[in-house]
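So this block is coords.txt, compact mmCIF, C-alpha atoms and all ligand atoms:
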# COMPACT_ATOMS: atom_id res chain seq x y z
CA MET J 161 -1.42 8.93 19.28
CA LYS J 162 1.53 7.24 20.95
CA VAL J 163 4.39 9.10 22.56
CA ASP J 164 7.99 8.86 21.44
CA CYS J 165 9.58 6.06 23.42
CA SER J 166 13.08 6.45 22.00
CA ASP J 167 14.48 6.90 25.49
CA GLN J 168 12.50 4.12 27.09
CA ILE J 169 13.77 0.60 27.50
CA ILE J 170 11.86 -1.97 25.52
CA ASP J 171 8.70 -3.18 27.18
CA ASN J 172 9.12 -6.49 29.02
CA LYS J 173 6.16 -8.12 27.38
CA ILE J 174 6.57 -10.07 24.15
CA VAL J 175 4.28 -8.57 21.52
CA THR J 176 2.76 -11.36 19.47
CA GLN J 177 2.34 -10.45 15.82
CA ALA J 178 -1.03 -11.90 14.82
CA LEU J 179 -4.20 -11.28 12.86
CA SER J 180 -7.57 -10.91 14.57
CA VAL J 181 -9.56 -14.05 15.39
CA GLU J 182 -12.00 -13.22 12.54
CA SER J 183 -9.34 -12.89 9.82
CA THR J 184 -7.44 -15.96 11.05
CA SER J 185 -10.66 -18.03 11.13
CA LEU J 186 -11.52 -17.00 7.56
CA ILE J 187 -8.03 -17.89 6.30
CA CYS J 188 -8.16 -21.28 8.09
CA ALA J 189 -11.65 -22.02 6.72
CA LEU J 190 -10.50 -21.18 3.19
CA GLY J 191 -7.36 -23.31 3.64
CA LEU J 192 -9.59 -26.22 4.71
CA ILE J 193 -11.86 -25.83 1.66
CA LEU J 194 -8.84 -25.67 -0.67
CA MET J 195 -7.33 -28.78 0.94
CA MET J 196 -10.59 -30.67 0.47
CA ARG J 197 -10.62 -29.67 -3.24
CA ARG J 198 -6.91 -30.26 -3.78
CA ARG J 199 -7.55 -32.77 -6.59
CA GLN J 200 -8.56 -29.83 -8.79
CA PHE J 201 -5.00 -28.44 -8.63
CA SER J 202 -1.96 -29.87 -10.35
CA LYS J 203 1.41 -29.45 -8.63
CA THR J 204 2.50 -27.06 -11.39
CA SER J 205 -0.56 -24.84 -10.99
CA LEU J 206 0.00 -24.70 -7.20
CA ILE J 207 3.62 -23.59 -7.73
CA VAL J 208 2.67 -21.04 -10.42
CA LEU J 209 -0.17 -19.61 -8.30
CA THR J 210 2.11 -19.38 -5.24
CA ILE J 211 4.75 -17.49 -7.25
CA CYS J 212 2.05 -15.19 -8.71
CA GLY J 213 0.68 -14.47 -5.21
CA TYR J 214 4.17 -13.66 -3.91
CA VAL J 215 5.07 -11.42 -6.87
CA TYR J 216 1.73 -9.61 -6.59
CA MET J 217 2.22 -8.92 -2.87
CA ASP J 218 5.80 -7.75 -3.47
CA TYR J 219 4.35 -5.28 -6.01
CA TYR J 220 1.45 -4.16 -3.83
CA PHE J 221 3.57 -3.71 -0.69
CA PHE J 222 5.73 -1.35 -2.73
CA ILE J 223 2.73 0.59 -4.10
CA GLY J 224 0.90 0.73 -0.74
CA HIS J 225 3.96 1.80 1.25
CA CYS J 226 5.21 4.30 -1.34
CA PHE J 227 1.72 5.83 -1.70
CA LEU J 228 1.04 6.13 2.04
CA ASP J 229 4.48 7.69 2.59
CA ARG J 230 3.50 10.56 0.27
CA LEU J 231 3.11 13.83 2.19
CA GLU J 232 -0.02 14.70 0.13
CA ASN J 233 -1.95 11.92 1.88
CA GLN J 234 -1.46 13.48 5.30
CA GLU J 235 -3.98 16.09 4.11
CA SER J 236 -6.18 13.65 2.15
CA ARG J 237 -9.95 14.27 2.07
CA ILE J 238 -10.43 10.51 2.49
CA GLY J 239 -10.41 9.91 6.24
CA PHE J 240 -8.91 6.42 6.39
CA ILE J 241 -6.15 7.36 3.90
CA ARG J 242 -5.31 10.44 6.00
CA ASP J 243 -5.23 8.27 9.15
CA LEU J 244 -3.04 5.63 7.51
CA ALA J 245 -0.65 8.25 6.08
CA ASN J 246 -0.33 9.81 9.52
CA GLU J 247 0.35 6.37 11.05
CA PHE J 248 3.17 5.97 8.49
CA LYS J 249 4.49 9.42 9.43
CA ILE J 250 4.46 8.47 13.12
CA HIS J 251 6.37 5.29 12.24
CA HIS J 252 9.01 7.40 10.45
CA ASP J 253 9.21 9.91 13.30
CA THR J 254 9.37 7.28 16.06
CA PRO J 255 10.23 3.90 14.47
CA ARG J 256 10.95 2.28 17.82
CA ASN J 257 7.29 2.55 18.90
CA ILE J 258 6.50 -0.37 16.62
CA LEU J 259 8.17 -2.69 19.14
CA ASN J 260 5.26 -2.35 21.53
CA GLU J 261 2.44 -3.02 19.10
CA ASN J 262 0.86 -5.80 17.08
CA HIS J 263 1.93 -4.45 13.70
CA VAL J 264 0.37 -7.33 11.73
CA ALA J 265 -3.06 -6.21 12.97
CA TYR J 266 -2.85 -3.29 10.50
CA THR J 267 -3.47 -5.77 7.66
CA ASN J 268 -6.60 -7.14 9.37
CA LEU J 269 -9.18 -5.25 7.33
CA LEU J 270 -7.48 -5.97 4.02
CA VAL J 271 -7.12 -9.69 4.81
CA PHE J 272 -10.68 -9.90 6.18
CA PHE J 273 -12.34 -8.35 3.11
CA THR J 274 -10.07 -10.17 0.63
CA ILE J 275 -10.95 -13.57 2.09
CA LEU J 276 -14.60 -12.62 2.62
CA LEU J 277 -14.90 -11.76 -1.10
CA VAL J 278 -13.27 -15.09 -1.94
CA PHE J 279 -16.10 -16.87 -0.08
CA VAL J 280 -18.64 -14.82 -2.04
CA TYR J 281 -17.21 -15.82 -5.40
CA LEU J 282 -16.74 -19.44 -4.35
CA SER J 283 -20.48 -19.47 -3.73
CA LEU J 284 -21.01 -18.02 -7.25
CA ASN J 285 -18.78 -20.28 -9.28
CA ASP J 286 -16.66 -23.26 -8.28
CA ASN J 287 -14.37 -22.76 -11.29
CA LEU J 288 -12.78 -19.81 -9.51
CA LEU J 289 -10.92 -22.04 -7.10
CA SER J 290 -7.58 -20.89 -8.54
CA PHE J 291 -8.40 -17.28 -7.57
CA ALA J 292 -9.35 -18.50 -4.11
CA PHE J 293 -5.94 -20.16 -3.77
CA LEU J 294 -4.24 -17.00 -5.08
CA SER J 295 -6.06 -14.84 -2.50
CA PHE J 296 -5.10 -17.34 0.19
CA ILE J 297 -1.40 -17.00 -0.75
CA VAL J 298 -1.67 -13.20 -1.06
CA SER J 299 -3.12 -12.96 2.47
CA ILE J 300 -0.51 -15.25 4.02
CA VAL J 301 2.42 -13.56 2.23
CA GLY J 302 0.96 -10.18 3.30
CA VAL J 303 1.03 -11.26 6.95
CA ILE J 304 4.62 -12.55 6.59
CA GLY J 305 5.75 -9.22 5.06
CA SER J 306 4.13 -7.18 7.84
CA ALA J 307 5.54 -9.42 10.58
CA ASN J 308 9.00 -9.26 8.98
CA HIS J 309 8.80 -5.45 9.04
CA TYR J 310 8.17 -5.58 12.80
CA TYR J 311 11.08 -7.99 13.30
CA CYS J 312 13.38 -5.75 11.20
CA HIS J 313 12.95 -3.14 13.93
CA ARG J 314 13.16 -5.68 16.73
CA ILE J 315 16.47 -7.04 15.39
CA THR J 316 17.79 -3.46 15.06
CA HIS J 317 17.22 -3.09 18.82
CA GLU J 318 18.34 -6.62 19.69
CA GLN J 319 21.03 -5.41 22.07
CA ASN J 320 18.27 -3.89 24.24
CA LEU J 321 16.32 -7.16 24.52
CA THR J 322 16.67 -9.41 27.52
CA GLN J 323 17.70 -13.05 26.97
CA LEU J 324 14.18 -14.05 28.02
CA GLN J 325 12.65 -11.82 25.34
CA LYS J 326 14.92 -13.34 22.70
CA ASN J 327 14.41 -16.96 23.74
CA SER J 328 10.70 -16.95 24.49
CA SER J 329 9.60 -15.71 21.11
CA TRP J 330 9.69 -18.37 18.38
CA GLN J 331 8.61 -15.65 15.93
CA PHE J 332 11.74 -13.65 16.70
CA LEU J 333 13.98 -16.67 16.03
CA LEU J 334 12.04 -17.55 12.86
CA PHE J 335 12.27 -14.10 11.30
CA LYS J 336 15.89 -13.70 12.36
CA SER J 337 16.68 -16.93 10.48
CA LEU J 338 14.67 -15.82 7.42
CA GLN J 339 16.63 -12.56 7.36
CA ARG J 340 19.97 -14.29 7.93
CA PHE J 341 19.41 -16.34 4.75
CA ASN J 342 18.07 -13.29 2.87
CA ILE J 343 14.67 -14.91 2.37
CA THR J 344 12.98 -11.77 3.69
CA PRO J 345 14.30 -8.16 3.70
CA THR J 346 16.90 -7.67 6.44
CA SER J 347 16.84 -5.10 9.23
CA ALA J 348 19.91 -3.44 7.62
CA HIS J 349 18.02 -3.10 4.33
CA HIS J 350 14.92 -1.65 6.01
CA SER J 351 16.94 0.70 8.22
CA LEU J 352 18.04 2.52 5.03
CA HIS J 353 14.37 3.43 4.56
CA HIS J 354 14.43 5.04 8.01
CA ARG J 355 17.75 6.80 7.53
CA LYS J 356 17.51 10.51 8.24
CA THR J 357 19.38 12.80 5.93
CA ASP J 358 20.99 16.01 7.16
CA ASP J 359 20.62 17.58 3.74
CA VAL J 360 17.46 19.70 3.91
CA LEU J 361 17.01 19.41 0.15
CA THR J 362 16.84 15.60 0.30
CA ILE J 363 13.57 14.08 1.46
CA ASP J 364 13.92 11.15 3.88
CA HIS J 365 12.48 7.68 3.28
CA GLN J 366 12.90 7.72 -0.50
CA LEU J 367 14.14 4.17 -0.98
CA ASN J 368 13.54 0.56 0.08
CA TRP J 369 9.74 0.67 0.31
CA ASN J 370 9.64 -3.10 -0.18
CA LEU J 371 8.55 -5.47 2.60
CA LEU J 372 9.42 -8.62 0.61
CA ASN J 373 12.44 -9.56 -1.49
CA GLY J 374 11.48 -9.15 -5.12
CA PHE J 375 11.46 -6.44 -7.74
CA ASN J 376 11.97 -3.41 -5.50
CA LYS J 377 14.80 -2.01 -7.62
CA VAL J 378 12.66 -2.26 -10.79
CA TYR J 379 9.70 -0.51 -9.10
CA GLU J 380 11.92 2.23 -7.68
CA HIS J 381 13.40 2.79 -11.14
CA MET J 382 9.94 2.99 -12.75
CA TYR J 383 8.72 5.33 -10.01
CA LYS J 384 11.62 7.67 -10.75
CA LEU J 385 10.97 7.39 -14.51
CA SER J 386 7.36 8.49 -13.89
CA GLY J 387 8.72 11.64 -12.23
CA GLN J 388 7.49 10.25 -8.85
CA SER J 389 3.96 10.75 -10.12
CA TYR J 390 1.39 10.96 -7.31
CA GLU J 391 -1.46 10.44 -9.80
CA LEU J 392 0.00 7.19 -11.12
CA LEU J 393 0.63 5.92 -7.58
CA SER J 394 -2.97 6.80 -6.60
CA ILE J 395 -4.45 4.88 -9.56
CA LEU J 396 -2.32 1.81 -8.79
CA PHE J 397 -3.08 2.02 -5.06
CA TYR J 398 -6.87 2.23 -5.45
CA PHE J 399 -7.41 0.02 -8.51
CA THR J 400 -4.91 -2.81 -8.03
CA ASN J 401 -5.37 -3.62 -4.34
CA PRO J 402 -6.50 -7.18 -3.44
CA VAL J 403 -10.07 -6.13 -2.51
CA SER J 404 -10.55 -4.22 -5.79
CA ILE J 405 -9.22 -7.13 -7.88
CA ASN J 406 -11.53 -9.60 -6.13
CA SER J 407 -14.45 -7.20 -6.70
CA TYR J 408 -13.68 -7.12 -10.46
CA ILE J 409 -13.80 -10.93 -10.53
CA ILE J 410 -17.20 -11.00 -8.80
CA MET J 411 -18.61 -8.29 -11.07
CA TYR J 412 -17.32 -10.17 -14.12
CA GLN J 413 -19.01 -13.35 -12.89
CA ILE J 414 -22.31 -11.57 -12.24
CA PHE J 415 -22.47 -9.66 -15.53
CA TYR J 416 -20.91 -12.24 -17.84
CA TYR J 417 -22.58 -15.37 -16.50
CA HIS J 418 -25.73 -13.56 -15.24
CA ILE J 419 -25.41 -15.24 -11.85
ZN ZN H 1 7.90 4.41 4.93
ZN ZN H 2 9.90 0.52 9.48
For this file, produce the structure as structure tokens.
Amino acid sequence: MKVDCSDQIIDNKIVTQALSVESTSLICALGLILMMRRRQFSKTSLIVLTICGYVYMDYYFFIGHCFLDRLENQESRIGFIRDLANEFKIHHDTPRNILNENHVAYTNLLVFFTILLVFVYLSLNDNLLSFAFLSFIVSIVGVIGSANHYYCHRITHEQNLTQLQKNSSWQFLLFKSLQRFNITPTSAHHSLHHRKTDDVLTIDHQLNWNLLNGFNKVYEHMYKLSGQSYELLSILFYFTNPVSINSYIIMYQIFYYHI
């Protein structure tokens, strides 16, 4: 567990936000395969699949973040859920710690298994190339959302960065530009999620769970309509994540086509 560094000056080193070599290699290999088969995609289908991938990730970022912020999960009997929920709690308690870590690496396992499953079903049936492309977009958009979250915090503390830290990181300049044009959620938007309330009856972190610009307001409204149901969130978290969805596709292929 990391210590609170709220009184420390920001580390001199530039923290690169990147996936592991394994996940990056799998994404690149899949990108290469998709490029070689590009004649099977029309321009319209590429655009539609890209939009679907983005909308799906906007939805799942909301579900994942909202679910792991729930206090119940800090006592979960499932070890990795308990660990993740406690990591989220640490991030709420000491948000500035994120500046000294590779935050994107948290998505490594999800990206690795999503893309790995894509290779399995590509070996089963070539007609599933559209799902492969969708998973490719989902993984890339997932990485962008995670990196943007890191840069939300980095921009919040921009006044503490040295000129060298600002200038030597192309990622910093890229995400600052994306936020300036409202393409990704801004640091001001995300800081509302971290706002502490003095009112003891109000629970902190009850808004802006999104890590992409999309349908956050709709999801928040539906979450409230459900009475902030933990059960509903759990079902959506476990059964609509990218790995589960890819598993359904493989099972469908195996049982329906007897592969
Ligand atoms: Zn949170
Ligand atoms: Zn944050």
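You can rank J:Leu186, J:Ile241, J:Cys312, J:Ala178 by their closest distance to Leu372 (chain J) using all atoms listed in the file, and at the top of that list sits J:Cys312.
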At most 8 Å is the cut-off: for each residue in chain J with any atom that close to an atom of ligand ZN 1 (chain H), write down the nearest atom pair and the distance in Å rounded to one decimal, counting only C-alpha atoms and all ligand atoms, chain first then increasing number, as a Markdown table.
| residue | atom | partner | partner_atom | distance |
| --- | --- | --- | --- | --- |
| J:His225 | CA | H:ZN1 | ZN | 6.0 |
| J:Cys226 | CA | H:ZN1 | ZN | 6.8 |
| J:Leu228 | CA | H:ZN1 | ZN | 7.6 |
| J:Asp229 | CA | H:ZN1 | ZN | 5.3 |
| J:Phe248 | CA | H:ZN1 | ZN | 6.1 |
| J:Lys249 | CA | H:ZN1 | ZN | 7.5 |
| J:His251 | CA | H:ZN1 | ZN | 7.5 |
| J:His252 | CA | H:ZN1 | ZN | 6.4 |
| J:His353 | CA | H:ZN1 | ZN | 6.6 |
| J:His354 | CA | H:ZN1 | ZN | 7.2 |
| J:His365 | CA | H:ZN1 | ZN | 5.9 |
| J:Trp369 | CA | H:ZN1 | ZN | 6.2 |
C-alpha atoms of the current selection, written as a PDB file, in the frame of the given file:
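What follows is the written file selection.pdb:
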ATOM      1  CA  HIS J 225       3.960   1.800   1.250  1.00  0.00           C
ATOM      2  CA  CYS J 226       5.210   4.300  -1.340  1.00  0.00           C
ATOM      3  CA  LEU J 228       1.040   6.130   2.040  1.00  0.00           C
ATOM      4  CA  ASP J 229       4.480   7.690   2.590  1.00  0.00           C
ATOM      5  CA  PHE J 248       3.170   5.970   8.490  1.00  0.00           C
ATOM      6  CA  LYS J 249       4.490   9.420   9.430  1.00  0.00           C
ATOM      7  CA  HIS J 251       6.370   5.290  12.240  1.00  0.00           C
ATOM      8  CA  HIS J 252       9.010   7.400  10.450  1.00  0.00           C
ATOM      9  CA  HIS J 353      14.370   3.430   4.560  1.00  0.00           C
ATOM     10  CA  HIS J 354      14.430   5.040   8.010  1.00  0.00           C
ATOM     11  CA  HIS J 365      12.480   7.680   3.280  1.00  0.00           C
ATOM     12  CA  TRP J 369       9.740   0.670   0.310  1.00  0.00           C
TER      13      TRP J 369
END
If you count all atoms listed in the file, which residues end up within 12 Å of ligand ZN 2 (chain H), as a ChimeraX atom specification?
/J:225,229,247-259,263,305-316,345-355,365,367-371
Looking at J:Asn262, J:Ser283, J:Leu270, J:Ile223, which one is nearest to Met382 (chain J), with distances taken over only C-alpha atoms?
J:Ile223
From the set J:Tyr390, J:Gln177, J:Glu318, J:Ala189, which residue has the shortest atom-to-atom contact distance to Leu231 (chain J), counting all atoms listed in the file?
J:Tyr390
Report as a PyMOL selection string all protein, DNA and RNA residues lying within 10 Å of Val278 (chain J), evaluated on only C-alpha atoms, omitting residues in the same chain fewer than 5 positions from it.
chain J and resi 186+190+272-273+283-284+288-289+291-296+403+406-407+409-410
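Taking CA of His381 (chain J) as the reference point, CA of Tyr219 (chain J) is found at 13.2 Å.
If you look at CA of Tyr216 (chain J) and CA of Ser394 (chain J), they are 17.1 Å away from each other.
CA of Tyr220 (chain J) is found 22.8 Å from CA of Val280 (chain J).
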One residue among J:Asp286, J:Asp243, J:Asp218, J:Glu232 is nearest to Glu391 (chain J) when using only C-alpha atoms, and that residue is J:Glu232
Hey, what's within 10 Å of Tyr383 (chain J) if we count only C-alpha atoms and toss same-chain stuff fewer than 4 positions away? As a ChimeraX atom specification, please?
/J:223,226,377-379,387-390,392-393
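Using only C-alpha atoms, the shortest contact distance between Phe227 (chain J) and any of J:Ala245, J:Leu282, J:Leu179, J:Met196 is found at J:Ala245.
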For each of J:Ser290, J:Gln323, J:Tyr281, J:Phe332, take the minimum atom-to-atom distance to Thr210 (chain J), counting all atoms listed in the file, then give the residue where this is smallest.
J:Ser290
